[in-house]
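K.L.:
This is run-v2.pdb, which holds PDB, C-alpha atoms:
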```
ATOM      1  CA  MET A   1      17.713 -16.158  22.577  1.00  0.00           C
ATOM      2  CA  ALA A   2      18.099 -14.883  19.064  1.00  0.00           C
ATOM      3  CA  HIS A   3      14.466 -13.973  19.110  1.00  0.00           C
ATOM      4  CA  ASP A   4      14.739 -10.223  18.842  1.00  0.00           C
ATOM      5  CA  SER A   5      17.179 -10.206  15.993  1.00  0.00           C
ATOM      6  CA  GLU A   6      15.009 -12.756  14.258  1.00  0.00           C
ATOM      7  CA  ASN A   7      12.026 -10.456  14.664  1.00  0.00           C
ATOM      8  CA  ASP A   8      14.007  -7.558  13.302  1.00  0.00           C
ATOM      9  CA  ASN A   9      14.971  -9.626  10.347  1.00  0.00           C
ATOM     10  CA  VAL A  10      11.377 -10.602   9.659  1.00  0.00           C
ATOM     11  CA  ARG A  11      10.286  -7.006   9.992  1.00  0.00           C
ATOM     12  CA  ARG A  12      12.986  -5.832   7.636  1.00  0.00           C
ATOM     13  CA  GLN A  13      12.032  -8.441   5.080  1.00  0.00           C
ATOM     14  CA  ILE A  14       8.380  -7.536   5.266  1.00  0.00           C
ATOM     15  CA  ASP A  15       8.995  -3.816   4.929  1.00  0.00           C
ATOM     16  CA  GLU A  16      11.333  -4.398   2.034  1.00  0.00           C
ATOM     17  CA  ASN A  17       8.716  -6.420   0.244  1.00  0.00           C
ATOM     18  CA  LEU A  18       6.046  -3.859   1.019  1.00  0.00           C
ATOM     19  CA  ARG A  19       8.148  -1.145  -0.542  1.00  0.00           C
ATOM     20  CA  ARG A  20       8.870  -3.302  -3.540  1.00  0.00           C
ATOM     21  CA  VAL A  21       5.199  -4.098  -4.168  1.00  0.00           C
ATOM     22  CA  TYR A  22       4.191  -0.484  -3.613  1.00  0.00           C
ATOM     23  CA  GLN A  23       6.966   0.904  -5.780  1.00  0.00           C
ATOM     24  CA  GLU A  24       6.039  -1.404  -8.593  1.00  0.00           C
ATOM     25  CA  LYS A  25       2.546   0.033  -8.573  1.00  0.00           C
ATOM     26  CA  VAL A  26       3.792   3.597  -8.348  1.00  0.00           C
ATOM     27  CA  GLU A  27       5.880   3.017 -11.438  1.00  0.00           C
ATOM     28  CA  GLU A  28       3.004   1.709 -13.505  1.00  0.00           C
ATOM     29  CA  GLU A  29       2.060   4.008 -16.330  1.00  0.00           C
ATOM     30  CA  LEU A  30      -0.771   6.317 -15.429  1.00  0.00           C
ATOM     31  CA  PRO A  31      -3.904   5.474 -17.421  1.00  0.00           C
ATOM     32  CA  ASP A  32      -5.001   8.211 -19.820  1.00  0.00           C
ATOM     33  CA  ARG A  33      -8.354   8.486 -18.116  1.00  0.00           C
ATOM     34  CA  PHE A  34      -6.790  10.572 -15.367  1.00  0.00           C
ATOM     35  CA  LYS A  35      -5.267  13.147 -17.665  1.00  0.00           C
ATOM     36  CA  LEU A  36      -8.571  13.319 -19.476  1.00  0.00           C
ATOM     37  CA  LEU A  37     -10.413  13.675 -16.216  1.00  0.00           C
ATOM     38  CA  LEU A  38      -8.286  16.609 -15.123  1.00  0.00           C
ATOM     39  CA  GLU A  39      -8.768  18.285 -18.489  1.00  0.00           C
ATOM     40  CA  GLN A  40     -12.501  17.792 -18.233  1.00  0.00           C
ATOM     41  CA  LEU A  41     -12.599  19.245 -14.745  1.00  0.00           C
ATOM     42  CA  LYS A  42     -10.742  22.319 -15.935  1.00  0.00           C
ATOM     43  CA  GLN A  43     -12.906  22.681 -18.985  1.00  0.00           C
ATOM     44  CA  LYS A  44     -16.119  22.353 -17.053  1.00  0.00           C
ATOM     45  CA  GLU A  45     -15.055  25.087 -14.700  1.00  0.00           C
ATOM     46  CA  LYS A  46     -14.106  27.388 -17.526  1.00  0.00           C
ATOM     47  CA  ASN A  47     -17.440  26.864 -19.200  1.00  0.00           C
ATOM     48  CA  GLY A  48     -19.495  26.996 -16.061  1.00  0.00           C
ATOM     49  CA  GLY A  49     -17.709  30.096 -14.874  1.00  0.00           C
ATOM     50  CA  ALA A  50     -18.457  29.242 -11.260  1.00  0.00           C
ATOM     51  CA  GLN A  51     -15.477  29.111  -8.946  1.00  0.00           C
TER      52      GLN A  51
ATOM     53  CA  MET B   1      -6.466  34.732 -14.404  1.00  0.00           C
ATOM     54  CA  SER B   2      -3.000  33.286 -14.034  1.00  0.00           C
ATOM     55  CA  ALA B   3      -1.982  30.212 -15.974  1.00  0.00           C
ATOM     56  CA  THR B   4      -0.921  28.227 -12.951  1.00  0.00           C
ATOM     57  CA  ASP B   5      -3.518  26.489 -10.913  1.00  0.00           C
ATOM     58  CA  PRO B   6      -2.336  25.026  -7.599  1.00  0.00           C
ATOM     59  CA  ARG B   7      -4.466  22.039  -8.429  1.00  0.00           C
ATOM     60  CA  ASP B   8      -2.108  21.170 -11.265  1.00  0.00           C
ATOM     61  CA  ALA B   9       0.114  19.651  -8.590  1.00  0.00           C
ATOM     62  CA  ILE B  10      -2.476  16.914  -8.060  1.00  0.00           C
ATOM     63  CA  VAL B  11      -1.268  15.032 -11.114  1.00  0.00           C
ATOM     64  CA  GLU B  12       2.169  14.456  -9.581  1.00  0.00           C
ATOM     65  CA  HIS B  13       0.593  12.488  -6.769  1.00  0.00           C
ATOM     66  CA  LEU B  14      -1.581  10.272  -8.916  1.00  0.00           C
ATOM     67  CA  PRO B  15       0.873   7.359  -9.206  1.00  0.00           C
ATOM     68  CA  ALA B  16       1.224   7.168  -5.422  1.00  0.00           C
ATOM     69  CA  LEU B  17      -2.496   7.622  -4.988  1.00  0.00           C
ATOM     70  CA  ARG B  18      -3.116   4.743  -7.363  1.00  0.00           C
ATOM     71  CA  ALA B  19      -0.660   2.511  -5.552  1.00  0.00           C
ATOM     72  CA  PHE B  20      -2.407   3.281  -2.282  1.00  0.00           C
ATOM     73  CA  ALA B  21      -5.815   2.660  -3.868  1.00  0.00           C
ATOM     74  CA  MET B  22      -4.684  -0.679  -5.256  1.00  0.00           C
ATOM     75  CA  SER B  23      -3.471  -1.800  -1.891  1.00  0.00           C
ATOM     76  CA  LEU B  24      -6.818  -0.913  -0.356  1.00  0.00           C
ATOM     77  CA  CYS B  25      -9.040  -2.289  -3.113  1.00  0.00           C
ATOM     78  CA  ARG B  26      -6.985  -5.296  -4.139  1.00  0.00           C
ATOM     79  CA  ASN B  27      -8.448  -4.829  -7.593  1.00  0.00           C
ATOM     80  CA  SER B  28      -7.166  -2.350 -10.108  1.00  0.00           C
ATOM     81  CA  ALA B  29     -10.437  -1.476 -11.836  1.00  0.00           C
ATOM     82  CA  GLN B  30     -11.988  -0.622  -8.503  1.00  0.00           C
ATOM     83  CA  ALA B  31      -8.838   1.203  -7.498  1.00  0.00           C
ATOM     84  CA  ASP B  32      -8.949   3.426 -10.555  1.00  0.00           C
ATOM     85  CA  ASP B  33     -12.572   4.291  -9.862  1.00  0.00           C
ATOM     86  CA  LEU B  34     -11.570   5.194  -6.335  1.00  0.00           C
ATOM     87  CA  VAL B  35      -8.762   7.413  -7.606  1.00  0.00           C
ATOM     88  CA  GLN B  36     -11.170   9.052 -10.018  1.00  0.00           C
ATOM     89  CA  ASP B  37     -13.649   9.847  -7.229  1.00  0.00           C
ATOM     90  CA  THR B  38     -10.779  11.171  -5.133  1.00  0.00           C
ATOM     91  CA  VAL B  39      -9.536  13.463  -7.879  1.00  0.00           C
ATOM     92  CA  VAL B  40     -13.004  14.884  -8.471  1.00  0.00           C
ATOM     93  CA  LYS B  41     -13.462  15.546  -4.755  1.00  0.00           C
ATOM     94  CA  ALA B  42     -10.040  17.072  -4.370  1.00  0.00           C
ATOM     95  CA  TRP B  43     -10.565  19.262  -7.400  1.00  0.00           C
ATOM     96  CA  THR B  44     -13.912  20.595  -6.306  1.00  0.00           C
ATOM     97  CA  LYS B  45     -13.011  20.987  -2.639  1.00  0.00           C
ATOM     98  CA  PHE B  46      -9.559  22.360  -3.139  1.00  0.00           C
ATOM     99  CA  ASP B  47     -10.398  25.445  -1.086  1.00  0.00           C
ATOM    100  CA  LYS B  48     -10.362  23.085   1.925  1.00  0.00           C
ATOM    101  CA  PHE B  49      -6.723  22.295   1.359  1.00  0.00           C
ATOM    102  CA  GLN B  50      -4.396  24.332   3.537  1.00  0.00           C
ATOM    103  CA  GLU B  51      -1.621  25.611   1.405  1.00  0.00           C
ATOM    104  CA  GLY B  52       1.807  24.726   2.695  1.00  0.00           C
ATOM    105  CA  THR B  53       0.622  21.456   4.183  1.00  0.00           C
ATOM    106  CA  ASN B  54       1.288  18.074   2.646  1.00  0.00           C
ATOM    107  CA  LEU B  55      -0.808  17.736  -0.491  1.00  0.00           C
ATOM    108  CA  ARG B  56      -0.123  14.045  -0.807  1.00  0.00           C
ATOM    109  CA  ALA B  57      -1.341  13.400   2.720  1.00  0.00           C
ATOM    110  CA  TRP B  58      -4.463  15.431   2.009  1.00  0.00           C
ATOM    111  CA  LEU B  59      -5.181  13.415  -1.140  1.00  0.00           C
ATOM    112  CA  PHE B  60      -4.521  10.116   0.628  1.00  0.00           C
ATOM    113  CA  THR B  61      -6.941  11.169   3.352  1.00  0.00           C
ATOM    114  CA  ILE B  62      -9.683  11.901   0.837  1.00  0.00           C
ATOM    115  CA  LEU B  63      -9.022   8.585  -0.849  1.00  0.00           C
ATOM    116  CA  ARG B  64      -9.247   6.554   2.325  1.00  0.00           C
ATOM    117  CA  ASN B  65     -12.382   8.352   3.492  1.00  0.00           C
ATOM    118  CA  THR B  66     -13.974   7.689   0.131  1.00  0.00           C
ATOM    119  CA  PHE B  67     -12.905   4.073   0.302  1.00  0.00           C
ATOM    120  CA  TYR B  68     -14.354   3.533   3.771  1.00  0.00           C
ATOM    121  CA  SER B  69     -17.629   5.275   3.095  1.00  0.00           C
ATOM    122  CA  GLY B  70     -18.039   3.022   0.074  1.00  0.00           C
ATOM    123  CA  ARG B  71     -17.066   0.073   2.184  1.00  0.00           C
ATOM    124  CA  ARG B  72     -19.719   0.763   4.759  1.00  0.00           C
ATOM    125  CA  LYS B  73     -22.309   0.496   2.044  1.00  0.00           C
ATOM    126  CA  ALA B  74     -20.944  -2.780   0.807  1.00  0.00           C
ATOM    127  CA  GLN B  75     -20.163  -4.259   4.193  1.00  0.00           C
ATOM    128  CA  ARG B  76     -17.744  -7.058   3.555  1.00  0.00           C
ATOM    129  CA  GLU B  77     -14.978  -8.225   5.781  1.00  0.00           C
ATOM    130  CA  VAL B  78     -12.167 -10.600   5.080  1.00  0.00           C
ATOM    131  CA  ALA B  79     -13.351 -13.710   6.798  1.00  0.00           C
ATOM    132  CA  ASP B  80     -10.814 -16.437   6.855  1.00  0.00           C
ATOM    133  CA  VAL B  81      -7.439 -14.873   7.228  1.00  0.00           C
ATOM    134  CA  ASP B  82      -5.478 -17.755   8.595  1.00  0.00           C
ATOM    135  CA  GLY B  83      -7.287 -20.862   7.422  1.00  0.00           C
ATOM    136  CA  VAL B  84      -7.115 -22.187   3.902  1.00  0.00           C
ATOM    137  CA  PHE B  85      -4.905 -19.536   2.604  1.00  0.00           C
ATOM    138  CA  SER B  86      -1.762 -20.141   4.524  1.00  0.00           C
ATOM    139  CA  ALA B  87      -1.672 -23.664   3.168  1.00  0.00           C
ATOM    140  CA  ASN B  88      -1.223 -22.297  -0.330  1.00  0.00           C
ATOM    141  CA  LEU B  89       1.673 -20.114   0.543  1.00  0.00           C
ATOM    142  CA  ALA B  90       4.877 -21.931   0.067  1.00  0.00           C
ATOM    143  CA  SER B  91       7.354 -19.212  -0.641  1.00  0.00           C
ATOM    144  CA  LYS B  92      10.680 -18.851   1.022  1.00  0.00           C
ATOM    145  CA  PRO B  93      12.912 -15.868   0.817  1.00  0.00           C
ATOM    146  CA  ASP B  94      15.456 -16.091  -1.950  1.00  0.00           C
ATOM    147  CA  HIS B  95      19.059 -15.090  -1.541  1.00  0.00           C
ATOM    148  CA  ASP B  96      18.174 -11.396  -1.229  1.00  0.00           C
ATOM    149  CA  GLY B  97      15.589 -12.157   1.394  1.00  0.00           C
ATOM    150  CA  ARG B  98      13.007 -11.483  -1.229  1.00  0.00           C
ATOM    151  CA  LEU B  99       9.794 -13.378  -1.274  1.00  0.00           C
ATOM    152  CA  ALA B 100       8.005 -14.406  -4.382  1.00  0.00           C
ATOM    153  CA  MET B 101       6.098 -11.254  -5.175  1.00  0.00           C
ATOM    154  CA  LYS B 102       2.855 -13.032  -5.919  1.00  0.00           C
ATOM    155  CA  ASP B 103       2.899 -14.890  -2.616  1.00  0.00           C
ATOM    156  CA  PHE B 104       3.611 -11.722  -0.761  1.00  0.00           C
ATOM    157  CA  GLU B 105       0.812  -9.867  -2.497  1.00  0.00           C
ATOM    158  CA  ASN B 106      -1.610 -12.699  -1.871  1.00  0.00           C
ATOM    159  CA  ALA B 107      -0.757 -12.730   1.801  1.00  0.00           C
ATOM    160  CA  PHE B 108      -0.989  -8.966   1.988  1.00  0.00           C
ATOM    161  CA  ALA B 109      -4.416  -9.029   0.389  1.00  0.00           C
ATOM    162  CA  LYS B 110      -5.604 -11.280   3.201  1.00  0.00           C
ATOM    163  CA  LEU B 111      -4.993  -8.682   5.880  1.00  0.00           C
ATOM    164  CA  PRO B 112      -7.844  -6.579   7.232  1.00  0.00           C
ATOM    165  CA  ASP B 113      -8.191  -3.153   5.578  1.00  0.00           C
ATOM    166  CA  GLU B 114      -6.856  -1.263   8.549  1.00  0.00           C
ATOM    167  CA  GLN B 115      -3.679  -3.290   8.725  1.00  0.00           C
ATOM    168  CA  ARG B 116      -3.011  -3.027   5.002  1.00  0.00           C
ATOM    169  CA  GLU B 117      -3.555   0.659   5.193  1.00  0.00           C
ATOM    170  CA  ALA B 118      -1.205   1.153   8.148  1.00  0.00           C
ATOM    171  CA  LEU B 119       1.488  -0.938   6.526  1.00  0.00           C
ATOM    172  CA  ILE B 120       1.302   0.908   3.234  1.00  0.00           C
ATOM    173  CA  LEU B 121       1.320   4.317   4.868  1.00  0.00           C
ATOM    174  CA  VAL B 122       4.231   3.765   7.220  1.00  0.00           C
ATOM    175  CA  GLY B 123       5.966   0.741   5.750  1.00  0.00           C
ATOM    176  CA  ALA B 124       5.921   1.604   2.071  1.00  0.00           C
ATOM    177  CA  SER B 125       4.942   5.145   1.223  1.00  0.00           C
ATOM    178  CA  GLY B 126       7.168   6.811   3.756  1.00  0.00           C
ATOM    179  CA  PHE B 127       4.712   8.681   5.931  1.00  0.00           C
ATOM    180  CA  SER B 128       5.594   9.035   9.577  1.00  0.00           C
ATOM    181  CA  TYR B 129       3.481   7.348  12.241  1.00  0.00           C
ATOM    182  CA  GLU B 130       2.221  10.801  13.197  1.00  0.00           C
ATOM    183  CA  GLU B 131       1.178  11.646   9.657  1.00  0.00           C
ATOM    184  CA  ALA B 132      -0.492   8.277   9.225  1.00  0.00           C
ATOM    185  CA  ALA B 133      -2.372   8.715  12.491  1.00  0.00           C
ATOM    186  CA  ASP B 134      -3.551  12.117  11.333  1.00  0.00           C
ATOM    187  CA  MET B 135      -4.713  10.758   8.039  1.00  0.00           C
ATOM    188  CA  CYS B 136      -6.579   7.892   9.628  1.00  0.00           C
ATOM    189  CA  GLY B 137      -8.015   9.977  12.432  1.00  0.00           C
ATOM    190  CA  CYS B 138      -6.627   7.783  15.170  1.00  0.00           C
ATOM    191  CA  ALA B 139      -3.849   7.713  17.752  1.00  0.00           C
ATOM    192  CA  VAL B 140      -0.217   7.075  16.849  1.00  0.00           C
ATOM    193  CA  GLY B 141      -0.285   3.973  19.046  1.00  0.00           C
ATOM    194  CA  THR B 142      -3.207   2.629  17.059  1.00  0.00           C
ATOM    195  CA  ILE B 143      -1.285   2.932  13.798  1.00  0.00           C
ATOM    196  CA  LYS B 144       1.709   1.251  15.377  1.00  0.00           C
ATOM    197  CA  SER B 145      -0.294  -1.632  16.662  1.00  0.00           C
ATOM    198  CA  ARG B 146      -2.108  -2.074  13.347  1.00  0.00           C
ATOM    199  CA  ALA B 147       1.197  -2.114  11.505  1.00  0.00           C
ATOM    200  CA  ASN B 148       2.673  -4.571  13.959  1.00  0.00           C
ATOM    201  CA  ARG B 149      -0.309  -6.868  13.819  1.00  0.00           C
ATOM    202  CA  GLY B 150      -0.137  -6.700  10.045  1.00  0.00           C
ATOM    203  CA  ARG B 151       3.531  -7.649  10.060  1.00  0.00           C
ATOM    204  CA  ALA B 152       2.890 -10.481  12.475  1.00  0.00           C
ATOM    205  CA  LYS B 153       0.086 -11.801  10.308  1.00  0.00           C
ATOM    206  CA  LEU B 154       2.218 -11.588   7.195  1.00  0.00           C
ATOM    207  CA  SER B 155       5.085 -13.411   8.787  1.00  0.00           C
ATOM    208  CA  GLU B 156       2.679 -16.088   9.899  1.00  0.00           C
ATOM    209  CA  LEU B 157       1.110 -16.441   6.455  1.00  0.00           C
ATOM    210  CA  LEU B 158       4.502 -16.523   4.807  1.00  0.00           C
ATOM    211  CA  HIS B 159       6.059 -18.757   7.434  1.00  0.00           C
ATOM    212  CA  LEU B 160       8.742 -16.210   8.120  1.00  0.00           C
ATOM    213  CA  GLU B 161       8.801 -16.796  11.814  1.00  0.00           C
ATOM    214  CA  GLU B 162      10.063 -20.286  11.367  1.00  0.00           C
ATOM    215  CA  ASN B 163      13.701 -21.005  11.146  1.00  0.00           C
ATOM    216  CA  ASP B 164      14.261 -21.271   7.429  1.00  0.00           C
ATOM    217  CA  SER B 165      17.193 -23.603   7.658  1.00  0.00           C
ATOM    218  CA  MET B 166      14.938 -26.135   9.351  1.00  0.00           C
ATOM    219  CA  GLU B 167      12.717 -26.588   6.382  1.00  0.00           C
ATOM    220  CA  LEU B 168      14.642 -26.267   3.217  1.00  0.00           C
ATOM    221  CA  THR B 169      12.565 -28.629   1.278  1.00  0.00           C
ATOM    222  CA  ASP B 170      12.114 -27.260  -2.152  1.00  0.00           C
ATOM    223  CA  GLN B 171      14.645 -27.490  -4.901  1.00  0.00           C
ATOM    224  CA  SER B 172      14.858 -23.862  -5.831  1.00  0.00           C
ATOM    225  CA  THR B 173      15.646 -22.785  -2.311  1.00  0.00           C
ATOM    226  CA  MET B 174      18.366 -25.370  -2.138  1.00  0.00           C
ATOM    227  CA  ALA B 175      19.775 -24.185  -5.424  1.00  0.00           C
ATOM    228  CA  VAL B 176      19.770 -20.596  -4.300  1.00  0.00           C
ATOM    229  CA  LEU B 177      21.477 -21.476  -1.070  1.00  0.00           C
ATOM    230  CA  ALA B 178      24.073 -23.522  -2.836  1.00  0.00           C
ATOM    231  CA  ALA B 179      24.782 -20.677  -5.227  1.00  0.00           C
ATOM    232  CA  ASN B 180      24.962 -18.332  -2.305  1.00  0.00           C
ATOM    233  CA  ALA B 181      27.439 -20.497  -0.474  1.00  0.00           C
ATOM    234  CA  ARG B 182      29.609 -20.669  -3.558  1.00  0.00           C
ATOM    235  CA  SER B 183      29.671 -16.941  -4.075  1.00  0.00           C
ATOM    236  CA  ALA B 184      30.363 -16.367  -0.399  1.00  0.00           C
ATOM    237  CA  SER B 185      33.412 -18.573  -0.338  1.00  0.00           C
TER     238      SER B 185
END
```
Mind converting the file's structure to structure tokens?
P.N.:
Amino acid sequence: MAHDSENDNVRRQIDENLRRVYQEKVEEELPDRFKLLLEQLKQKEKNGGAQ
Amino acid sequence: MSATDPRDAIVEHLPALRAFAMSLCRNSAQADDLVQDTVVKAWTKFDKFQEGTNLRAWLFTILRNTFYSGRRKAQREVADVDGVFSANLASKPDHDGRLAMKDFENAFAKLPDEQREALILVGASGFSYEEAADMCGCAVGTIKSRANRGRAKLSELLHLEENDSMELTDQSTMAVLAANARSAS
């Protein structure tokens, strides 16, 4: 039976595609809202003084 | 006050965090809101982070906890995983063993949250089974079985378990195979 090697092949294909889909999303440009958000968080702390 | 804040490192992990969020939410607007909530929590609770441990894993953990607590409020499960949907999926691997991305993503989106999560953590983002188990608060075996069930479901939805040579019906697959045979000879 070639069953095991077939399973391995399926698994490899799936993981490859998973990585591809994930990587594509990782490489998307980060929306500006996140840089703004981090700046705001910093600013708020500075102004509020509380740490 | 020194100029460097350890929290500045958070920004480096945002692309990965977003990718993880998108795979959980299946919707990018919702995913960005989830990332935003995660960043705010991480920023304000940074004293809970143990320096020297994996910051990315810590952020992923906050993100998934936030996701699931939101989920509980809006209780909604994926109902029909194997019914209608599989009929629409016609893709076959091309010569690199690649599937049409859209088909793969559609199939992936049909998996239950836990399986998508396990597959992304161990299959795509490179965490170990142990790390993933830690992050999800469950046993290593649980992560393994979720990932395996996810793979099995994907291969079923994408017809990967069938012998491809038995059902080469569509033109493009034939063309690819023919091209492949030529370049191999």
K.L.:
Hey, which of B:Lys102, B:His159, B:Lys144, B:Arg26 ends up closest to A:Val10? Count all atoms listed in the file.
P.N.:
B:His159
K.L.:
So that each row is one residue of chain A with an atom at most 9 Å from chain B, can you give its shortest atom pair and the distance in Å to one decimal, using all atoms listed in the file, rows by chain and rising number, as JSON lines?
P.N.:
```
{"residue": "A:Glu6", "atom": "CA", "partner": "B:Glu161", "partner_atom": "CA", "distance": 7.8}
{"residue": "A:Asn7", "atom": "CA", "partner": "B:Glu161", "partner_atom": "CA", "distance": 7.7}
{"residue": "A:Val10", "atom": "CA", "partner": "B:Leu160", "partner_atom": "CA", "distance": 6.4}
{"residue": "A:Arg11", "atom": "CA", "partner": "B:Arg151", "partner_atom": "CA", "distance": 6.8}
{"residue": "A:Gln13", "atom": "CA", "partner": "B:Gly97", "partner_atom": "CA", "distance": 6.3}
{"residue": "A:Ile14", "atom": "CA", "partner": "B:Arg151", "partner_atom": "CA", "distance": 6.8}
{"residue": "A:Asp15", "atom": "CA", "partner": "B:Gly123", "partner_atom": "CA", "distance": 5.5}
{"residue": "A:Glu16", "atom": "CA", "partner": "B:Arg98", "partner_atom": "CA", "distance": 8.0}
{"residue": "A:Asn17", "atom": "CA", "partner": "B:Arg98", "partner_atom": "CA", "distance": 6.8}
{"residue": "A:Leu18", "atom": "CA", "partner": "B:Ala124", "partner_atom": "CA", "distance": 5.6}
{"residue": "A:Arg19", "atom": "CA", "partner": "B:Ala124", "partner_atom": "CA", "distance": 4.4}
{"residue": "A:Arg20", "atom": "CA", "partner": "B:Ala124", "partner_atom": "CA", "distance": 8.0}
{"residue": "A:Val21", "atom": "CA", "partner": "B:Met101", "partner_atom": "CA", "distance": 7.3}
{"residue": "A:Tyr22", "atom": "CA", "partner": "B:Ala19", "partner_atom": "CA", "distance": 6.0}
{"residue": "A:Gln23", "atom": "CA", "partner": "B:Ala19", "partner_atom": "CA", "distance": 7.8}
{"residue": "A:Glu24", "atom": "CA", "partner": "B:Ala19", "partner_atom": "CA", "distance": 8.3}
{"residue": "A:Lys25", "atom": "CA", "partner": "B:Ala19", "partner_atom": "CA", "distance": 5.1}
{"residue": "A:Val26", "atom": "CA", "partner": "B:Pro15", "partner_atom": "CA", "distance": 4.8}
{"residue": "A:Glu27", "atom": "CA", "partner": "B:Pro15", "partner_atom": "CA", "distance": 7.0}
{"residue": "A:Glu28", "atom": "CA", "partner": "B:Pro15", "partner_atom": "CA", "distance": 7.4}
{"residue": "A:Glu29", "atom": "CA", "partner": "B:Pro15", "partner_atom": "CA", "distance": 8.0}
{"residue": "A:Leu30", "atom": "CA", "partner": "B:Pro15", "partner_atom": "CA", "distance": 6.5}
{"residue": "A:Pro31", "atom": "CA", "partner": "B:Asp32", "partner_atom": "CA", "distance": 8.8}
{"residue": "A:Arg33", "atom": "CA", "partner": "B:Gln36", "partner_atom": "CA", "distance": 8.6}
{"residue": "A:Phe34", "atom": "CA", "partner": "B:Gln36", "partner_atom": "CA", "distance": 7.1}
{"residue": "A:Lys35", "atom": "CA", "partner": "B:Val11", "partner_atom": "CA", "distance": 7.9}
{"residue": "A:Leu37", "atom": "CA", "partner": "B:Gln36", "partner_atom": "CA", "distance": 7.8}
{"residue": "A:Leu38", "atom": "CA", "partner": "B:Val39", "partner_atom": "CA", "distance": 8.0}
{"residue": "A:Leu41", "atom": "CA", "partner": "B:Trp43", "partner_atom": "CA", "distance": 7.6}
```
K.L.:
Could you jot down the atom CA of A:Lys46 to atom CA of B:Lys48 separation for me, Å, one decimal place?
P.N.:
20.3 Å
K.L.:
Could you work out how far atom CA of B:Leu34 lies from atom CA of B:Gly70, giving the answer in Å with one decimal?
P.N.:
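Atom CA of B:Gly70 sits 9.4 Å away from atom CA of B:Leu34.
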K.L.:
Tell me, in Å to one decimal, how far atom CA of B:Gln50 is from atom CA of A:Gln40.
P.N.:
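Taking atom CA of B:Gln50 as the start and atom CA of A:Gln40 as the end point, the length is 24.1 Å.
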K.L.:
If the PyMOL selection byres ((chain B and resi 129) around 10) were run on this exact file, what residues would it hold? Put them as a list in words.
P.N.:
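When the PyMOL selection byres ((chain B and resi 129) around 10) is applied to the shown file, the picked residues are Ala118, Leu121, Val122, Gly123, Gly126, Phe127, Ser128, Glu130, Glu131, Ala132, Ala133, Asp134, Met135, Ala139, Val140, Gly141, Thr142, Ile143, Lys144 and Ala147 of chain B.
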K.L.:
Using C-alpha atoms, can you export the residues from the last selection as a compact mmCIF listing (two decimals), keeping the file's coordinate frame?
P.N.:
```txt
# COMPACT_ATOMS: atom_id res chain seq x y z
CA ALA B 118 -1.20 1.15 8.15
CA LEU B 121 1.32 4.32 4.87
CA VAL B 122 4.23 3.76 7.22
CA GLY B 123 5.97 0.74 5.75
CA GLY B 126 7.17 6.81 3.76
CA PHE B 127 4.71 8.68 5.93
CA SER B 128 5.59 9.04 9.58
CA GLU B 130 2.22 10.80 13.20
CA GLU B 131 1.18 11.65 9.66
CA ALA B 132 -0.49 8.28 9.22
CA ALA B 133 -2.37 8.72 12.49
CA ASP B 134 -3.55 12.12 11.33
CA MET B 135 -4.71 10.76 8.04
CA ALA B 139 -3.85 7.71 17.75
CA VAL B 140 -0.22 7.08 16.85
CA GLY B 141 -0.28 3.97 19.05
CA THR B 142 -3.21 2.63 17.06
CA ILE B 143 -1.28 2.93 13.80
CA LYS B 144 1.71 1.25 15.38
CA ALA B 147 1.20 -2.11 11.50
```
K.L.:
Can you pull out the residues contacting B:Lys153? Cut-off 8 Å, using all atoms listed in the file, and skip same-chain residues under 4 positions away; I want them as a PyMOL selection string.
P.N.:
chain B and resi 111+149+157
